[in-house]
Amino acid sequence: MRKEEIRRYGSSALRILAVAAVYYGSARLGLLQQLVRGQVTPLWPPTGVALAGLLFFGPRVWPGIALGAFLVNFSIGPTPFAVLAIVAGNTAAPVCAYLMLRRARFRQELDRLRDVLALIFLGALGGMLVSSTVGTATLVLAGGLDPDRFWPAWSVWWTGDAMGVLVVTPFLLVLRRARWPVPAGPGRWTEAAALGLCTLGVTLLATSTANSSLLFLVFPCLIWAAFRFQLAGAAPCALAVSTLAVMAATRRLGPFAGHDLFANMVTLQAFNGATALTALLMAAVITERNQTHEEIKRVCARLAEIVAGIEPRDR
């Protein structure tokens, strides 16, 4: 019995450390695109990592989120108190999102429209209000941010955390269920490769051209991904498109050149939000349609078997 307890505690410790390590690594990548005070970014991947970790392993891994957040903020926080407050907000936000999703009976497969809507409104938009409010208020109280910049910083913080949930969490949910090799013919693999190359090429073209209307060229690729590959295609494409758009915005290239921070954030987050919503909602609707079609086929086949098994009555 003691060996089983040690094994269980060891497994829990490894999961906590794994969540902390992935959280820290994704945070360092996110900070490369910082816009406000070296720690507020338009896309914050650790929120997606944290929520996915809670969905995978349960609420017991919250110390890993806190540890990862502490390691990230320790060197960039204005004061020790501010660091602890920001860590508390960064930990509480995904935990609150997880609890709300669990209460809504969220399914990790994201194969129902209600699950996608729950992830959007409860996991992303609702849960991330905690971290953005606590973090921005802490920076103002600690003197690391001017009070008149509270709302611009809050908006970037909130949308960055929300986008982390919308584009990173679905990708990790897909990645966890991925199996190799996938039973698919060469035509399917060719189509998947063509989709990936087309998505990258169109996004690079749209983010390197000054005309912002070209950003909408990526939506046919997202619809293609959702229609043909459902979440397995839509989630990676949405992540790639959002990442390239964020990189262009932080460098003020293409459609983001010559504009102030507020204008760029409105354009970027509106584009990223539309990208994520289109990909996730389309994938969920197509998956539900396919499931309904398969269920009708099974019912019809079963009904045909029953009818065939009924012997004709003698008159």
# chains A, B, ... in the order shown; residues from 1 in each chain; ligands from 1
>>> residues_around(residues="stretch 122-131 of chain A", least_positions_apart="4", cutoff="9 Å", atoms="only C-alpha atoms", output="VMD selection string")
chain A and resid 47 to 48 51 86 to 98 100 to 101 104 117 to 118 135 to 136 157 to 159 161 to 166
>>> write_last_selection(atoms="C-alpha atoms", output="tab-separated table (two decimals), in the first residue's frame")
chain	number	residue	atom	x	y	z
A	47	THR	CA	-3.46	30.56	-20.11
A	48	GLY	CA	-4.24	27.96	-22.74
A	51	LEU	CA	-6.56	25.41	-18.72
A	86	ILE	CA	-0.01	38.58	-10.31
A	87	VAL	CA	0.79	34.91	-9.67
A	88	ALA	CA	-2.42	34.58	-7.65
A	89	GLY	CA	-4.44	36.13	-10.48
A	90	ASN	CA	-2.76	34.01	-13.15
A	91	THR	CA	-3.51	30.89	-11.12
A	92	ALA	CA	-7.07	31.78	-10.13
A	93	ALA	CA	-8.17	32.64	-13.68
A	94	PRO	CA	-7.70	29.18	-15.29
A	95	VAL	CA	-8.98	27.48	-12.13
A	96	CYS	CA	-12.16	29.56	-12.27
A	97	ALA	CA	-12.48	28.83	-15.99
A	98	TYR	CA	-12.03	25.10	-15.32
A	100	MET	CA	-17.18	26.89	-14.79
A	101	LEU	CA	-16.51	24.51	-17.67
A	104	ALA	CA	-21.33	23.31	-17.77
A	117	LEU	CA	-19.64	28.20	-26.75
A	118	ALA	CA	-18.74	27.23	-23.18
A	135	GLY	CA	-2.70	41.88	-12.84
A	136	THR	CA	-3.40	45.35	-14.20
A	157	TRP	CA	-4.06	41.68	-20.88
A	158	TRP	CA	-7.63	40.37	-21.04
A	159	THR	CA	-7.71	39.78	-24.78
A	161	ASP	CA	-5.29	35.76	-21.98
A	162	ALA	CA	-8.58	35.03	-23.73
A	163	MET	CA	-6.84	34.43	-27.06
A	164	GLY	CA	-4.44	32.06	-25.30
A	165	VAL	CA	-7.44	29.96	-24.29
A	166	LEU	CA	-9.16	30.19	-27.67
>>> select_by_dssp(residues="stretch 36-240 of chain A", states="alpha helix (DSSP H)", output="number ranges by chain")
A: 45-57, 62-73, 80-103, 113-118, 128-141, 150-177, 186-208, 219-229, 231-240
>>> closest_residue(among="A:Arg177, A:Leu99, A:Pro45, A:Ala225", to="A:Gly196", atoms="only C-alpha atoms")
A:Ala225
>>> residues_around(residues="A:Ala52", least_positions_apart="6", cutoff="8 Å", atoms="only C-alpha atoms", output="list in words")
Thr169, Leu172 and Leu173 of chain A
>>> write_last_selection(atoms="C-alpha atoms", output="mmCIF file, in the first residue's frame")
data_model
loop_
_atom_site.group_PDB
_atom_site.id
_atom_site.type_symbol
_atom_site.label_atom_id
_atom_site.label_comp_id
_atom_site.auth_asym_id
_atom_site.auth_seq_id
_atom_site.Cartn_x
_atom_site.Cartn_y
_atom_site.Cartn_z
ATOM 1 C CA THR A 169 -6.306 25.077 -25.515
ATOM 2 C CA LEU A 172 -3.553 20.959 -27.049
ATOM 3 C CA LEU A 173 -6.851 19.076 -26.836
#
>>> atom_distance(atom1="atom CA of A:Val285", atom2="atom CA of A:Arg228")
12.1 Å
>>> closest_residue(among="A:Val19, A:Met282, A:Val83, A:Ala194", to="A:Gly58", atoms="only C-alpha atoms")
A:Val19
>>> residues_around(residues="stretch 7-15 of chain A", least_positions_apart="4", cutoff="8 Å", atoms="only C-alpha atoms", output="list of chain:residue names")
A:Lys3, A:Val19, A:Phe57, A:Arg60, A:Val61, A:Gly64
>>> residues_around(residues="A:Trp224", least_positions_apart="3", cutoff="10 Å", atoms="only C-alpha atoms", output="list in words")
Leu195, Thr199, Phe219, Pro220, Cys221, Phe227, Arg228, Phe229, Gln230, Gly233, Ala234, Ala279, Met282 and Ala283 of chain A
>>> atom_distance(atom1="atom CA of A:Leu31", atom2="atom CA of A:Leu215")
24.2 Å
>>> decode(residues="stretch 282-307 of chain A", atoms="N, CA and C atoms", output="compact mmCIF listing (two decimals), in the first residue's frame")
# COMPACT_ATOMS: atom_id res chain seq x y z
N MET A 282 -17.23 26.49 -36.74
CA MET A 282 -17.42 25.70 -37.95
C MET A 282 -17.07 24.23 -37.70
N ALA A 283 -15.98 23.98 -36.99
CA ALA A 283 -15.58 22.60 -36.71
C ALA A 283 -16.64 21.89 -35.87
N ALA A 284 -17.19 22.58 -34.87
CA ALA A 284 -18.21 21.96 -34.02
C ALA A 284 -19.48 21.67 -34.80
N VAL A 285 -19.90 22.60 -35.63
CA VAL A 285 -21.13 22.41 -36.41
C VAL A 285 -20.96 21.25 -37.39
N ILE A 286 -19.83 21.18 -38.08
CA ILE A 286 -19.59 20.10 -39.03
C ILE A 286 -19.51 18.76 -38.31
N THR A 287 -18.86 18.73 -37.13
CA THR A 287 -18.76 17.48 -36.37
C THR A 287 -20.13 17.01 -35.93
N GLU A 288 -20.96 17.92 -35.43
CA GLU A 288 -22.32 17.53 -35.03
C GLU A 288 -23.13 17.04 -36.22
N ARG A 289 -22.96 17.67 -37.35
CA ARG A 289 -23.68 17.22 -38.55
C ARG A 289 -23.24 15.81 -38.94
N ASN A 290 -21.93 15.56 -38.92
CA ASN A 290 -21.43 14.23 -39.27
C ASN A 290 -21.91 13.17 -38.28
N GLN A 291 -21.92 13.51 -37.00
CA GLN A 291 -22.39 12.56 -36.00
C GLN A 291 -23.86 12.25 -36.18
N THR A 292 -24.65 13.28 -36.48
CA THR A 292 -26.09 13.06 -36.72
C THR A 292 -26.30 12.19 -37.94
N HIS A 293 -25.50 12.43 -38.99
CA HIS A 293 -25.61 11.62 -40.21
C HIS A 293 -25.27 10.17 -39.93
N GLU A 294 -24.21 9.94 -39.16
CA GLU A 294 -23.82 8.57 -38.84
C GLU A 294 -24.87 7.89 -37.96
N GLU A 295 -25.46 8.64 -37.04
CA GLU A 295 -26.50 8.06 -36.19
C GLU A 295 -27.73 7.68 -37.00
N ILE A 296 -28.10 8.51 -37.97
CA ILE A 296 -29.24 8.18 -38.83
C ILE A 296 -28.94 6.93 -39.65
N LYS A 297 -27.71 6.82 -40.14
CA LYS A 297 -27.33 5.63 -40.91
C LYS A 297 -27.41 4.38 -40.05
N ARG A 298 -26.95 4.46 -38.79
CA ARG A 298 -27.02 3.30 -37.91
C ARG A 298 -28.46 2.91 -37.60
N VAL A 299 -29.29 3.91 -37.38
CA VAL A 299 -30.70 3.61 -37.09
C VAL A 299 -31.37 2.98 -38.30
N CYS A 300 -31.09 3.51 -39.48
CA CYS A 300 -31.68 2.94 -40.69
C CYS A 300 -31.21 1.51 -40.93
N ALA A 301 -29.91 1.26 -40.70
CA ALA A 301 -29.39 -0.09 -40.86
C ALA A 301 -30.03 -1.04 -39.87
N ARG A 302 -30.18 -0.58 -38.63
CA ARG A 302 -30.82 -1.42 -37.62
C ARG A 302 -32.27 -1.69 -37.96
N LEU A 303 -32.97 -0.67 -38.46
CA LEU A 303 -34.36 -0.84 -38.85
C LEU A 303 -34.49 -1.81 -40.01
N ALA A 304 -33.52 -1.74 -40.98
CA ALA A 304 -33.55 -2.68 -42.11
C ALA A 304 -33.35 -4.11 -41.63
N GLU A 305 -32.48 -4.31 -40.64
CA GLU A 305 -32.26 -5.65 -40.09
C GLU A 305 -33.52 -6.17 -39.41
N ILE A 306 -34.19 -5.31 -38.70
CA ILE A 306 -35.42 -5.73 -38.02
C ILE A 306 -36.50 -6.11 -39.02
N VAL A 307 -36.63 -5.26 -40.03
CA VAL A 307 -37.65 -5.55 -41.07
C VAL A 307 -37.32 -6.84 -41.80
